[in-house]
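Participant: Take a look at final.txt, compact mmCIF, C-alpha atoms:
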# COMPACT_ATOMS: atom_id res chain seq x y z
CA MET A 25 11.57 36.07 28.58
CA GLY A 26 8.24 34.37 28.94
CA VAL A 27 5.37 32.44 27.43
CA GLY A 28 2.73 34.03 25.24
CA VAL A 29 -0.09 32.80 23.07
CA GLU A 30 -0.04 32.98 19.28
CA SER A 31 -2.97 35.09 18.21
CA GLY A 32 -5.68 33.27 16.27
CA ALA A 33 -4.41 29.75 16.91
CA ALA A 34 -4.15 29.98 20.70
CA ARG A 35 -0.83 28.10 20.58
CA PRO A 36 1.66 28.94 23.33
CA VAL A 37 5.00 30.33 22.23
CA LEU A 38 8.05 30.39 24.48
CA LEU A 39 10.28 33.43 23.94
CA LEU A 40 13.93 33.08 24.83
CA GLN A 41 16.22 36.09 24.56
CA GLU A 42 19.94 35.94 23.88
CA ALA A 43 21.67 37.33 26.98
CA SER A 44 24.49 39.02 25.10
CA GLY A 45 25.48 39.92 21.58
CA ASP A 46 22.52 40.90 19.42
CA HIS A 47 19.93 39.94 22.07
CA ARG A 48 18.05 37.97 19.42
CA LEU A 49 14.70 36.42 20.33
CA LEU A 50 14.15 32.72 19.84
CA PRO A 51 10.45 31.78 19.56
CA VAL A 52 9.65 28.13 20.30
CA TRP A 53 6.08 26.88 19.87
CA ILE A 54 5.16 24.55 22.74
CA GLY A 55 2.17 22.68 24.12
CA THR A 56 -0.28 24.05 26.65
CA ALA A 57 0.82 21.68 29.43
CA GLU A 58 4.46 22.64 28.89
CA ALA A 59 3.56 26.35 28.88
CA ASN A 60 1.77 25.85 32.21
CA ALA A 61 4.82 24.11 33.70
CA ILE A 62 7.08 26.97 32.61
CA GLN A 63 4.69 29.55 34.03
CA VAL A 64 4.50 27.65 37.34
CA GLU A 65 8.27 28.01 37.59
CA GLN A 66 8.37 31.62 36.43
CA HIS A 67 5.88 32.60 39.12
CA ARG A 68 7.32 30.20 41.74
CA VAL A 69 3.91 28.64 42.37
CA SER A 70 3.95 26.07 45.14
CA LEU A 71 1.95 22.94 44.32
CA PRO A 72 0.93 20.12 46.67
CA ARG A 73 2.55 17.47 44.42
CA PRO A 74 5.55 17.82 42.09
CA MET A 75 5.08 18.33 38.38
CA THR A 76 7.01 16.01 36.04
CA HIS A 77 9.96 18.38 35.55
CA GLN A 78 10.19 18.89 39.33
CA LEU A 79 10.11 15.13 39.86
CA ILE A 80 12.95 14.70 37.37
CA GLY A 81 15.01 17.28 39.24
CA ASP A 82 14.29 15.53 42.54
CA VAL A 83 15.25 12.10 41.12
CA VAL A 84 18.53 13.42 39.69
CA ASP A 85 19.32 15.01 43.06
CA ALA A 86 18.36 11.83 44.97
CA LEU A 87 20.81 9.89 42.82
CA GLY A 88 23.57 12.27 43.86
CA ARG A 89 23.84 13.91 40.45
CA ARG A 90 23.46 17.49 39.33
CA VAL A 91 21.99 19.07 36.20
CA GLU A 92 24.44 21.83 35.28
CA GLN A 93 22.77 23.43 32.28
CA VAL A 94 20.25 23.09 29.51
CA ARG A 95 21.48 23.36 25.93
CA ILE A 96 19.29 23.87 22.88
CA THR A 97 21.30 21.92 20.35
CA GLU A 98 19.52 21.99 17.01
CA ILE A 99 16.41 22.68 14.99
CA ARG A 100 15.32 20.16 12.42
CA ASP A 101 12.05 20.28 10.45
CA ASN A 102 10.84 23.13 12.73
CA ILE A 103 11.44 20.96 15.81
CA PHE A 104 13.86 22.12 18.48
CA PHE A 105 16.10 19.63 20.28
CA ALA A 106 17.73 20.09 23.66
CA GLU A 107 20.00 18.31 26.09
CA LEU A 108 20.28 18.28 29.84
CA ILE A 109 23.96 18.57 30.69
CA LEU A 110 24.66 16.79 33.95
CA ASP A 111 27.82 16.54 36.01
CA GLN A 112 30.38 13.98 34.85
CA SER A 113 29.78 15.11 31.23
CA THR A 114 26.49 13.20 31.00
CA LYS A 115 24.04 14.40 28.35
CA VAL A 116 20.36 13.50 28.20
CA SER A 117 18.14 14.33 25.23
CA ALA A 118 15.07 16.42 26.11
CA ARG A 119 12.28 18.47 24.61
CA VAL A 120 13.09 22.16 24.83
CA SER A 121 9.93 22.95 26.77
CA ASP A 122 10.62 20.28 29.41
CA ALA A 123 14.27 21.30 29.64
CA ILE A 124 13.36 24.99 30.13
CA ALA A 125 10.86 24.15 32.89
CA LEU A 126 13.56 22.07 34.63
CA ALA A 127 16.16 24.81 34.19
CA LEU A 128 13.83 27.37 35.77
CA HIS A 129 13.05 24.97 38.61
CA LEU A 130 16.73 24.31 39.31
CA SER A 131 17.89 27.89 38.52
CA ILE A 132 20.48 26.63 36.04
CA PRO A 133 21.71 28.29 32.83
CA ILE A 134 20.00 27.87 29.49
CA HIS A 135 22.22 27.97 26.39
CA ALA A 136 21.46 27.73 22.69
CA GLU A 137 23.93 26.75 20.01
CA ASP A 138 24.84 29.58 17.63
CA THR A 139 23.60 27.46 14.74
CA VAL A 140 20.13 27.36 16.34
CA LEU A 141 20.11 31.10 16.93
CA ASP A 142 21.36 31.79 13.42
CA ALA A 143 18.64 29.58 11.93
CA ALA A 144 15.62 30.48 14.04
CA ALA A 145 16.17 33.60 16.13
CA VAL A 146 14.57 36.87 15.20
CA ALA A 147 17.31 39.45 14.71
CA ASN A 148 17.16 43.15 15.51
CA THR A 149 14.16 42.92 17.83
CA ALA A 150 15.94 42.99 21.14
CA ILE A 151 13.85 44.36 23.94
CA ARG A 152 15.85 47.00 25.75
CA ALA A 153 16.02 47.66 29.45
CA GLU A 154 12.90 49.06 31.09
CA ASP A 155 14.42 52.53 31.34
CA ASP A 156 14.79 52.72 27.54
CA ASP A 157 12.04 54.90 26.06
CA ASN A 158 11.87 52.73 22.90
CA ALA A 159 11.23 49.45 24.76
CA PRO A 160 7.38 49.58 24.73
CA GLU A 161 7.42 50.34 20.99
CA GLU A 162 9.74 47.41 20.28
CA VAL A 163 7.69 45.05 22.44
CA GLU A 164 4.53 46.04 20.56
CA GLU A 165 6.33 45.64 17.21
CA PHE A 166 7.45 42.15 18.18
CA ARG A 167 3.95 41.24 19.34
CA ARG A 168 2.60 42.31 15.94
CA PHE A 169 5.24 40.13 14.31
CA LEU A 170 4.19 37.14 16.43
CA ASP A 171 0.54 37.72 15.53
CA THR A 172 1.36 36.90 11.92
CA ALA A 173 4.25 34.45 12.40
CA SER A 174 4.02 30.69 12.22
CA PRO A 175 6.56 27.96 12.95
CA GLU A 176 7.19 27.62 9.21
CA ASP A 177 8.51 31.22 9.17
CA PHE A 178 11.52 29.96 11.12
CA ASP A 179 12.30 27.01 8.85
CA PRO A 180 16.08 27.16 8.31
CA ASP A 181 15.79 25.69 4.77
Let me see whether you can do it: turn the structure in this file into structure tokens.
Facilitator:
Amino acid sequence: MGVGVESGAARPVLLLQEASGDHRLLPVWIGTAEANAIQVEQHRVSLPRPMTHQLIGDVVDALGRRVEQVRITEIRDNIFFAELILDQSTKVSARVSDAIALALHLSIPIHAEDTVLDAAAVANTAIRAEDDDNAPEEVEEFRRFLDTASPEDFDPD
């Protein structure tokens, strides 16, 4: 969905929304540099030199390989883990923020394990389509929630 900033702490938070089912929102706190990389890709900003995630995509391509998807595999101690799934069933461990920036750059799917969504997603806050009259209210309600939330609020234990 996008990158926002946690009120008060000025920490970027990446919001991922489940594409089907309950349309749960998965908030992932990330660093400022990673937030910038994701926003570069969201807005398709052209830079004179490649960013790290773009370089990784270029290297994989130059080696004749293909990144097929990004998978958020687990959350442990409030830290999210991800994998890059390449052709030939190759998996490479990655930080979620880096993997998301790469996925946006390569226009590849982003998946999250159900166990991650069950543990850390915010249920019943799906943002409806723009033509839904309740959407602005729900967006504002979720923003109020994020204003008071912290990473510890999503601790699965």
Participant: Taking all atoms listed in the file into account, name the residue in A:Leu126, A:Ile96, A:Leu49, A:Ala59 that is nearest to Val27 in chain A.
Facilitator: A:Ala59
Participant: Do a neighbour search on range 76-86 of chain A at 9 Å with all atoms listed in the file, toss out local chain neighbours closer than 4 positions, and write the hits as a VMD selection string.
Facilitator: chain A and resid 61 90 to 91 122 to 123 125 to 126 129 to 130
Participant: Rank A:Val29, A:Ala106, A:Ile124, A:Leu87 by their smallest atom-to-atom distance to Val64 in chain A, using all atoms listed in the file, and report the top residue only.
Facilitator: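 Distance minimum relative to Val64 in chain A lands on A:Ile124.
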Participant: Could you state the separation of CA of Glu92 in chain A and CA of Pro133 in chain A in Å, given to one decimal place?
Facilitator: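 Spanning CA of Glu92 in chain A to CA of Pro133 in chain A is a straight-line distance of 7.4 Å.
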Participant: Have a look at A:Leu108, A:Ala118, A:Ala145, A:Met75 and name the one nearest to Leu39 in chain A; count all atoms listed in the file.
Facilitator: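 Going through A:Leu108, A:Ala118, A:Ala145, A:Met75 one by one, the smallest distance to Leu39 in chain A is for A:Ala145.
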Participant: Select, from A:Ala147, A:Ile134, A:Leu110, A:Ile103, the residue with the minimum atom-to-atom distance to Gly88 in chain A, counting only C-alpha atoms.
Facilitator: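 Closest to Gly88 in chain A of all the choices is A:Leu110.
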Participant: I'd like the interatomic distance between CA of Lys115 in chain A and CA of Val52 in chain A, to a tenth of an Å.
Facilitator: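 Computing the Euclidean distance for CA of Lys115 in chain A and CA of Val52 in chain A yields 21.5 Å.
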Participant: Which value, in Å to one decimal, gives the distance between CA of Ala143 in chain A and CA of Thr97 in chain A?
Facilitator: 11.7 Å
Participant: Please provide the set of residues having any atom within 8 Å of Trp53 in chain A, restricted to all atoms listed in the file, with same-chain residues fewer than 3 positions apart removed, written as an NGL selection string.
Facilitator: :A and (35-38 or 175)
Participant: Write out as a PyMOL selection string each polymer residue whose atoms come within 12 Å of Glu137 in chain A, counting all atoms listed in the file; drop sequence neighbours fewer than 4 positions from it.
Facilitator: chain A and resi 42+50+94-99+104-107+141-145
Participant: Considering only C-alpha atoms, can you say which of A:Gln93, A:Thr139, A:Thr114, A:Asn102 comes closest to Ala127 in chain A?
Facilitator: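 Smallest separation from Ala127 in chain A among the options: A:Gln93.
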Participant: Between A:Asn60, A:Asp138, A:Ser117, A:Pro74, single out the one closest to Gly28 in chain A, counting all atoms listed in the file.
Facilitator: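 Using all atoms listed in the file, the shortest distance to Gly28 in chain A belongs to A:Asn60.
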Participant: Padding 3 Å on each side, edges along x, y and z: where is the centre of the box around the listed atoms of range 113-116 of chain A, and how long are its edges in Å to one decimal? Output it as lines of an AutoDock Vina configuration file.
Facilitator:
center_x = 25.1
center_y = 14.2
center_z = 29.7
size_x = 15.4
size_y = 7.9
size_z = 9.0
